[in-house]
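Below: data10.pdb (PDB, C-alpha atoms, pLDDT in the B column)
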ATOM      1  CA  MET A 187      65.925 -53.935   1.768  1.00 39.00           C
ATOM      2  CA  PRO A 188      65.765 -57.145  -0.337  1.00 43.00           C
ATOM      3  CA  ALA A 189      62.410 -58.917  -0.476  1.00 43.00           C
ATOM      4  CA  SER A 190      64.038 -62.062   0.881  1.00 42.00           C
ATOM      5  CA  GLU A 191      65.572 -60.361   3.935  1.00 42.00           C
ATOM      6  CA  SER A 192      62.708 -61.417   6.211  1.00 41.00           C
ATOM      7  CA  ALA A 193      63.543 -65.014   5.270  1.00 41.00           C
ATOM      8  CA  ILE A 194      66.995 -64.441   6.753  1.00 38.00           C
ATOM      9  CA  ARG A 195      65.482 -63.958  10.199  1.00 45.00           C
ATOM     10  CA  THR A 196      63.604 -67.269  10.180  1.00 46.00           C
ATOM     11  CA  PRO A 197      64.573 -70.693   8.912  1.00 51.00           C
ATOM     12  CA  MET A 198      63.561 -71.248   5.282  1.00 59.00           C
ATOM     13  CA  ASN A 199      60.923 -73.794   6.244  1.00 71.00           C
ATOM     14  CA  LYS A 200      59.445 -71.871   9.179  1.00 90.00           C
ATOM     15  CA  PRO A 201      56.447 -69.681   8.364  1.00 95.00           C
ATOM     16  CA  LEU A 202      56.315 -66.129   9.637  1.00 96.00           C
ATOM     17  CA  THR A 203      54.106 -65.313  12.600  1.00 95.00           C
ATOM     18  CA  PRO A 204      51.419 -62.613  12.353  1.00 96.00           C
ATOM     19  CA  ASP A 205      53.672 -60.261  14.350  1.00 96.00           C
ATOM     20  CA  GLU A 206      56.576 -60.926  11.986  1.00 97.00           C
ATOM     21  CA  LEU A 207      54.287 -60.222   9.026  1.00 97.00           C
ATOM     22  CA  CYS A 208      53.208 -56.906  10.582  1.00 97.00           C
ATOM     23  CA  ALA A 209      56.856 -55.998  11.223  1.00 97.00           C
ATOM     24  CA  HIS A 210      57.644 -56.861   7.583  1.00 97.00           C
ATOM     25  CA  LEU A 211      54.835 -54.537   6.393  1.00 98.00           C
ATOM     26  CA  THR A 212      56.002 -51.741   8.702  1.00 97.00           C
ATOM     27  CA  GLU A 213      59.621 -52.092   7.501  1.00 97.00           C
ATOM     28  CA  ARG A 214      58.379 -51.588   3.940  1.00 96.00           C
ATOM     29  CA  ASP A 215      56.196 -48.567   4.798  1.00 97.00           C
ATOM     30  CA  ILE A 216      53.020 -50.510   4.065  1.00 97.00           C
ATOM     31  CA  ALA A 217      50.331 -48.960   6.218  1.00 97.00           C
ATOM     32  CA  PHE A 218      47.767 -51.321   7.715  1.00 97.00           C
ATOM     33  CA  HIS A 219      44.958 -51.314  10.222  1.00 94.00           C
ATOM     34  CA  ARG A 220      44.568 -54.426  12.370  1.00 93.00           C
ATOM     35  CA  THR A 221      41.259 -55.581  13.798  1.00 89.00           C
ATOM     36  CA  ASP A 222      41.388 -58.492  16.253  1.00 85.00           C
ATOM     37  CA  HIS A 223      38.306 -60.719  16.509  1.00 81.00           C
ATOM     38  CA  PRO A 224      37.281 -64.248  17.482  1.00 72.00           C
ATOM     39  CA  ALA A 225      38.414 -67.033  15.141  1.00 73.00           C
ATOM     40  CA  VAL A 226      36.414 -67.181  11.913  1.00 67.00           C
ATOM     41  CA  PHE A 227      36.553 -70.036   9.429  1.00 64.00           C
ATOM     42  CA  THR A 228      34.106 -68.942   6.722  1.00 66.00           C
ATOM     43  CA  VAL A 229      33.023 -65.726   5.033  1.00 67.00           C
ATOM     44  CA  ALA A 230      29.650 -66.044   6.790  1.00 65.00           C
ATOM     45  CA  GLU A 231      31.350 -66.124  10.205  1.00 63.00           C
ATOM     46  CA  THR A 232      33.022 -62.767   9.484  1.00 66.00           C
ATOM     47  CA  ALA A 233      29.674 -60.938   9.162  1.00 63.00           C
ATOM     48  CA  PRO A 234      29.427 -59.755  12.803  1.00 58.00           C
ATOM     49  CA  HIS A 235      32.895 -58.221  12.565  1.00 61.00           C
ATOM     50  CA  ARG A 236      32.691 -56.512   9.179  1.00 61.00           C
ATOM     51  CA  ASP A 237      30.619 -53.481  10.189  1.00 61.00           C
ATOM     52  CA  SER A 238      33.647 -51.867  11.808  1.00 66.00           C
ATOM     53  CA  MET A 239      35.896 -52.669   8.827  1.00 72.00           C
ATOM     54  CA  VAL A 240      35.831 -50.679   5.588  1.00 77.00           C
ATOM     55  CA  GLY A 241      36.962 -51.871   2.178  1.00 84.00           C
ATOM     56  CA  HIS A 242      36.663 -55.131   0.305  1.00 88.00           C
ATOM     57  CA  HIS A 243      36.349 -58.250   2.400  1.00 89.00           C
ATOM     58  CA  THR A 244      37.896 -61.271   0.770  1.00 93.00           C
ATOM     59  CA  LYS A 245      37.768 -64.988   0.343  1.00 94.00           C
ATOM     60  CA  ASN A 246      40.839 -66.946  -0.605  1.00 96.00           C
ATOM     61  CA  LEU A 247      41.069 -70.295  -2.353  1.00 97.00           C
ATOM     62  CA  PHE A 248      44.157 -72.521  -2.409  1.00 98.00           C
ATOM     63  CA  LEU A 249      43.890 -74.577  -5.595  1.00 98.00           C
ATOM     64  CA  LYS A 250      45.957 -76.986  -7.669  1.00 97.00           C
ATOM     65  CA  ASP A 251      45.673 -78.207 -11.236  1.00 97.00           C
ATOM     66  CA  LYS A 252      46.135 -81.700 -12.676  1.00 95.00           C
ATOM     67  CA  LYS A 253      49.903 -81.172 -13.068  1.00 96.00           C
ATOM     68  CA  GLY A 254      50.316 -79.972  -9.475  1.00 96.00           C
ATOM     69  CA  ARG A 255      50.622 -76.260 -10.294  1.00 97.00           C
ATOM     70  CA  LEU A 256      49.414 -74.220  -7.300  1.00 98.00           C
ATOM     71  CA  PHE A 257      47.216 -71.115  -7.232  1.00 98.00           C
ATOM     72  CA  LEU A 258      46.099 -68.769  -4.472  1.00 98.00           C
ATOM     73  CA  VAL A 259      42.952 -66.995  -5.659  1.00 98.00           C
ATOM     74  CA  SER A 260      41.719 -63.918  -3.767  1.00 97.00           C
ATOM     75  CA  ALA A 261      38.284 -62.502  -4.547  1.00 96.00           C
ATOM     76  CA  GLU A 262      35.646 -60.283  -2.995  1.00 94.00           C
ATOM     77  CA  ALA A 263      34.014 -62.166  -0.099  1.00 90.00           C
ATOM     78  CA  HIS A 264      30.685 -62.760  -1.833  1.00 89.00           C
ATOM     79  CA  ALA A 265      31.999 -63.332  -5.353  1.00 92.00           C
ATOM     80  CA  ARG A 266      30.515 -66.305  -7.156  1.00 93.00           C
ATOM     81  CA  ILE A 267      33.327 -68.135  -8.949  1.00 95.00           C
ATOM     82  CA  ASP A 268      32.765 -70.803 -11.591  1.00 96.00           C
ATOM     83  CA  LEU A 269      35.318 -73.356 -10.416  1.00 94.00           C
ATOM     84  CA  LYS A 270      34.480 -75.564 -13.407  1.00 94.00           C
ATOM     85  CA  ARG A 271      35.782 -72.879 -15.795  1.00 95.00           C
ATOM     86  CA  LEU A 272      38.401 -71.153 -13.652  1.00 97.00           C
ATOM     87  CA  HIS A 273      41.217 -73.291 -15.071  1.00 96.00           C
ATOM     88  CA  GLU A 274      40.546 -71.790 -18.509  1.00 96.00           C
ATOM     89  CA  THR A 275      40.956 -68.253 -17.164  1.00 96.00           C
ATOM     90  CA  LEU A 276      44.179 -69.141 -15.344  1.00 96.00           C
ATOM     91  CA  GLY A 277      45.713 -71.279 -18.085  1.00 95.00           C
ATOM     92  CA  ALA A 278      45.806 -74.239 -15.715  1.00 96.00           C
ATOM     93  CA  SER A 279      46.066 -77.887 -16.750  1.00 94.00           C
ATOM     94  CA  GLY A 280      42.562 -79.287 -16.390  1.00 92.00           C
ATOM     95  CA  ARG A 281      40.037 -78.487 -13.722  1.00 93.00           C
ATOM     96  CA  LEU A 282      41.214 -77.164 -10.414  1.00 97.00           C
ATOM     97  CA  SER A 283      40.787 -78.848  -7.054  1.00 97.00           C
ATOM     98  CA  PHE A 284      41.376 -77.618  -3.537  1.00 97.00           C
ATOM     99  CA  GLY A 285      44.826 -78.184  -2.086  1.00 97.00           C
ATOM    100  CA  SER A 286      44.959 -80.315   1.057  1.00 97.00           C
ATOM    101  CA  ALA A 287      45.507 -78.861   4.509  1.00 96.00           C
ATOM    102  CA  GLU A 288      48.952 -80.483   4.543  1.00 97.00           C
ATOM    103  CA  LEU A 289      49.921 -78.923   1.201  1.00 97.00           C
ATOM    104  CA  LEU A 290      48.554 -75.557   2.356  1.00 97.00           C
ATOM    105  CA  MET A 291      50.741 -75.658   5.465  1.00 96.00           C
ATOM    106  CA  GLU A 292      53.775 -76.887   3.522  1.00 96.00           C
ATOM    107  CA  LYS A 293      53.597 -74.214   0.805  1.00 97.00           C
ATOM    108  CA  LEU A 294      51.972 -71.207   2.512  1.00 98.00           C
ATOM    109  CA  GLY A 295      52.426 -71.863   6.238  1.00 97.00           C
ATOM    110  CA  VAL A 296      48.750 -71.384   7.134  1.00 97.00           C
ATOM    111  CA  THR A 297      45.842 -73.604   8.125  1.00 94.00           C
ATOM    112  CA  PRO A 298      42.377 -73.836   6.556  1.00 93.00           C
ATOM    113  CA  GLY A 299      40.347 -70.819   7.664  1.00 91.00           C
ATOM    114  CA  SER A 300      43.458 -68.632   7.674  1.00 94.00           C
ATOM    115  CA  VAL A 301      44.163 -68.616   3.934  1.00 96.00           C
ATOM    116  CA  THR A 302      45.217 -65.118   2.891  1.00 97.00           C
ATOM    117  CA  ALA A 303      47.067 -63.275   0.159  1.00 98.00           C
ATOM    118  CA  PHE A 304      49.662 -62.408   2.819  1.00 98.00           C
ATOM    119  CA  ALA A 305      50.599 -66.115   3.011  1.00 98.00           C
ATOM    120  CA  VAL A 306      52.679 -65.845  -0.172  1.00 98.00           C
ATOM    121  CA  ILE A 307      55.398 -64.386   2.058  1.00 97.00           C
ATOM    122  CA  ASN A 308      55.925 -67.967   3.244  1.00 97.00           C
ATOM    123  CA  ASP A 309      56.211 -69.293  -0.338  1.00 97.00           C
ATOM    124  CA  ARG A 310      59.915 -68.587  -0.558  1.00 95.00           C
ATOM    125  CA  ALA A 311      60.346 -71.045  -3.458  1.00 95.00           C
ATOM    126  CA  GLN A 312      57.700 -69.088  -5.413  1.00 96.00           C
ATOM    127  CA  GLU A 313      55.709 -72.204  -6.285  1.00 97.00           C
ATOM    128  CA  VAL A 314      52.286 -70.570  -5.901  1.00 98.00           C
ATOM    129  CA  THR A 315      50.728 -68.316  -8.536  1.00 98.00           C
ATOM    130  CA  MET A 316      48.930 -65.381  -6.897  1.00 98.00           C
ATOM    131  CA  VAL A 317      45.606 -64.523  -8.554  1.00 98.00           C
ATOM    132  CA  LEU A 318      43.567 -61.411  -7.731  1.00 98.00           C
ATOM    133  CA  ASP A 319      40.025 -60.903  -8.913  1.00 97.00           C
ATOM    134  CA  ALA A 320      39.907 -57.626 -10.862  1.00 96.00           C
ATOM    135  CA  THR A 321      37.021 -56.562  -8.582  1.00 95.00           C
ATOM    136  CA  LEU A 322      39.548 -56.094  -5.759  1.00 96.00           C
ATOM    137  CA  MET A 323      41.433 -53.537  -7.853  1.00 94.00           C
ATOM    138  CA  THR A 324      38.704 -50.859  -7.809  1.00 90.00           C
ATOM    139  CA  GLY A 325      40.581 -48.568  -5.446  1.00 86.00           C
ATOM    140  CA  GLU A 326      38.997 -49.546  -2.146  1.00 92.00           C
ATOM    141  CA  ASP A 327      41.145 -50.902   0.663  1.00 96.00           C
ATOM    142  CA  VAL A 328      41.264 -54.688   0.984  1.00 96.00           C
ATOM    143  CA  ASN A 329      40.994 -56.892   4.073  1.00 94.00           C
ATOM    144  CA  PHE A 330      42.923 -60.123   4.638  1.00 95.00           C
ATOM    145  CA  HIS A 331      43.843 -62.273   7.629  1.00 94.00           C
ATOM    146  CA  PRO A 332      47.437 -61.787   8.857  1.00 96.00           C
ATOM    147  CA  LEU A 333      48.276 -65.533   8.602  1.00 96.00           C
ATOM    148  CA  VAL A 334      45.742 -66.392  11.346  1.00 93.00           C
ATOM    149  CA  ASN A 335      41.948 -66.166  11.409  1.00 91.00           C
ATOM    150  CA  THR A 336      41.743 -64.205  14.668  1.00 91.00           C
ATOM    151  CA  ALA A 337      42.504 -60.842  13.087  1.00 92.00           C
ATOM    152  CA  THR A 338      42.082 -58.902   9.857  1.00 92.00           C
ATOM    153  CA  LEU A 339      44.493 -56.439   8.273  1.00 95.00           C
ATOM    154  CA  ARG A 340      43.254 -53.647   6.016  1.00 95.00           C
ATOM    155  CA  VAL A 341      45.699 -52.314   3.428  1.00 97.00           C
ATOM    156  CA  SER A 342      45.350 -50.188   0.331  1.00 97.00           C
ATOM    157  CA  ARG A 343      45.035 -51.903  -3.012  1.00 96.00           C
ATOM    158  CA  ASP A 344      48.356 -50.422  -4.140  1.00 97.00           C
ATOM    159  CA  ASP A 345      50.142 -51.539  -0.977  1.00 97.00           C
ATOM    160  CA  LEU A 346      48.761 -55.063  -1.411  1.00 98.00           C
ATOM    161  CA  VAL A 347      50.139 -55.238  -4.947  1.00 97.00           C
ATOM    162  CA  ALA A 348      53.482 -53.820  -3.754  1.00 97.00           C
ATOM    163  CA  PHE A 349      53.606 -56.446  -0.985  1.00 98.00           C
ATOM    164  CA  LEU A 350      52.857 -59.257  -3.434  1.00 98.00           C
ATOM    165  CA  ARG A 351      55.474 -58.070  -5.916  1.00 97.00           C
ATOM    166  CA  GLY A 352      58.009 -57.591  -3.117  1.00 96.00           C
ATOM    167  CA  SER A 353      57.494 -61.218  -2.089  1.00 96.00           C
ATOM    168  CA  GLY A 354      58.215 -62.361  -5.653  1.00 97.00           C
ATOM    169  CA  HIS A 355      54.546 -62.960  -6.500  1.00 98.00           C
ATOM    170  CA  ASP A 356      53.560 -60.521  -9.231  1.00 97.00           C
ATOM    171  CA  PRO A 357      49.810 -61.094  -9.148  1.00 98.00           C
ATOM    172  CA  LEU A 358      47.771 -62.300 -12.081  1.00 97.00           C
ATOM    173  CA  ILE A 359      44.789 -59.897 -12.111  1.00 97.00           C
ATOM    174  CA  VAL A 360      41.786 -61.402 -13.901  1.00 96.00           C
ATOM    175  CA  ASP A 361      38.027 -61.256 -14.194  1.00 95.00           C
ATOM    176  CA  LEU A 362      37.089 -64.498 -12.495  1.00 95.00           C
ATOM    177  CA  PRO A 363      34.427 -66.546 -14.315  1.00 93.00           C
ATOM    178  CA  VAL A 364      30.947 -66.413 -12.806  1.00 92.00           C
ATOM    179  CA  PRO A 365      28.804 -69.563 -12.755  1.00 88.00           C
ATOM    180  CA  PRO A 366      25.698 -69.664 -14.923  1.00 85.00           C
ATOM    181  CA  ASP A 367      22.523 -68.590 -13.070  1.00 74.00           C
ATOM    182  CA  GLY A 368      21.182 -71.224 -10.737  1.00 51.00           C
ATOM    183  CA  GLN A 369      24.563 -72.748  -9.942  1.00 55.00           C
ATOM    184  CA  ASN A 370      26.626 -72.223  -6.834  1.00 52.00           C
ATOM    185  CA  GLY A 371      30.116 -70.828  -7.103  1.00 52.00           C
TER     186      GLY A 371
END
If you took the structure in this file and wrote it as structure tokens, what would it be?
Amino acid sequence: MPASESAIRTPMNKPLTPDELCAHLTERDIAFHRTDHPAVFTVAETAPHRDSMVGHHTKNLFLKDKKGRLFLVSAEAHARIDLKRLHETLGASGRLSFGSAELLMEKLGVTPGSVTAFAVINDRAQEVTMVLDATLMTGEDVNFHPLVNTATLRVSRDDLVAFLRGSGHDPLIVDLPVPPDGQNG
């Protein structure tokens, strides 16, 4: 089945729903475990729900560089990332800034608090570079929201990479820069 076939079922500018995403994963034999929970908007708010979920928990950053190039960076939930140096690692033009809520919805079809690696399925024009922190590639399962922040899907590392590649987003896997001691990341 072509990677773009799910786009045939919905208009090109309409993002998939969480149920459509789950159907897409099932059609591609990507096993997942779904955990529904109250809406969470930050990594800290996920803490009460993580005990029942195994694997890496993640945080996801939607970023843009000075030339408008877009990046979706997924890292382990408590990773400290040096945003002042991240552009060097990614080969971006100048320092990175956060993309607006409007740009996030336009390009990935999700709202702040629901940013997820799965959102690249809505980037049918392939304008977003998918970046995975190498820490997520250790072999453990990984947890991401299914396009909304009221649930979490757990998939294997290999299935995540297969999903990303199948959506036309071969991930850039890098060691994300860590801020010097004493600085927040």
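Each of A:Asp222, A:Asp319, A:Glu213, A:Glu206 was compared to A:Leu258 using only C-alpha atoms, and A:Asp319 turns out to be the nearest.
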Taking the point (54.2, -76.8, -10.2) as given in the file, collect each protein or nucleic acid residue that comes within 7 Å of it, counting only C-alpha atoms, and present the set as a list in words.
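Result, sorted by chain then residue number: Lys253, Gly254, Arg255, Leu256 and Glu313 of chain A.
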Run the PyMOL selection byres ((chain A and resi 337) around 12) against the file shown and list the residues it catches, as a PyMOL selection string.
chain A and resi 204-205+208+219-227+232+235-236+239+299-300+302+329-336+338-340
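Those residues returned by the PyMOL selection byres ((chain A and resi 345-356) around 8) for this file are Ala189, Ser190, Leu211, Ile216, Ala217, Ala303, Phe304, Val306, Ile307, Arg310, Gln312, Val314, Thr315, Met316, Val328, Val341, Ser342, Arg343, Asp344, Pro357 and Leu358 of chain A.
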Two-atom distance - atom CA of A:Thr212, atom CA of A:Lys293 (Å)
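One can read the atom CA of A:Thr212 to atom CA of A:Lys293 distance as 23.9 Å.
Counting from atom CA of A:Gly295, the distance to atom CA of A:Ala263 is 21.8 Å.
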Could you state which residues are captured by the PyMOL selection byres ((chain A and resi 260) around 6) in this file, as JSON, numbers by chain?
{"A": [245, 246, 259, 261, 318]}
File output for stretch 234-265 of chain A (C-alpha atoms) as a short mmCIF file (atom, residue, chain, number, x, y, z; two decimals), in the first residue's frame:
data_model
loop_
_atom_site.label_atom_id
_atom_site.label_comp_id
_atom_site.auth_asym_id
_atom_site.auth_seq_id
_atom_site.Cartn_x
_atom_site.Cartn_y
_atom_site.Cartn_z
CA PRO A 234 0.73 10.63 37.07
CA HIS A 235 0.04 8.58 33.95
CA ARG A 236 3.52 7.25 33.18
CA ASP A 237 3.68 4.52 35.83
CA SER A 238 1.41 2.29 33.76
CA MET A 239 3.35 2.99 30.54
CA VAL A 240 6.69 1.35 29.74
CA GLY A 241 9.34 2.65 27.37
CA HIS A 242 10.72 6.08 26.61
CA HIS A 243 8.42 8.99 27.24
CA THR A 244 9.01 11.86 24.87
CA LYS A 245 8.92 15.57 24.39
CA ASN A 246 8.53 17.09 20.97
CA LEU A 247 9.61 20.50 19.75
CA PHE A 248 8.34 22.19 16.58
CA LEU A 249 11.11 24.55 15.48
CA LYS A 250 12.03 26.77 12.56
CA ASP A 251 15.28 28.35 11.45
CA LYS A 252 15.98 31.84 10.10
CA LYS A 253 15.20 30.75 6.52
CA GLY A 254 11.87 29.16 7.51
CA ARG A 255 13.07 25.54 7.40
CA LEU A 256 10.96 23.46 9.80
CA PHE A 257 12.05 20.76 12.25
CA LEU A 258 10.17 18.38 14.52
CA VAL A 259 12.55 17.26 17.26
CA SER A 260 11.63 14.26 19.43
CA ALA A 261 13.68 13.50 22.54
CA GLU A 262 13.40 11.61 25.80
CA ALA A 263 10.96 13.45 28.08
CA HIS A 264 13.58 14.74 30.51
CA ALA A 265 16.36 15.42 28.01
#
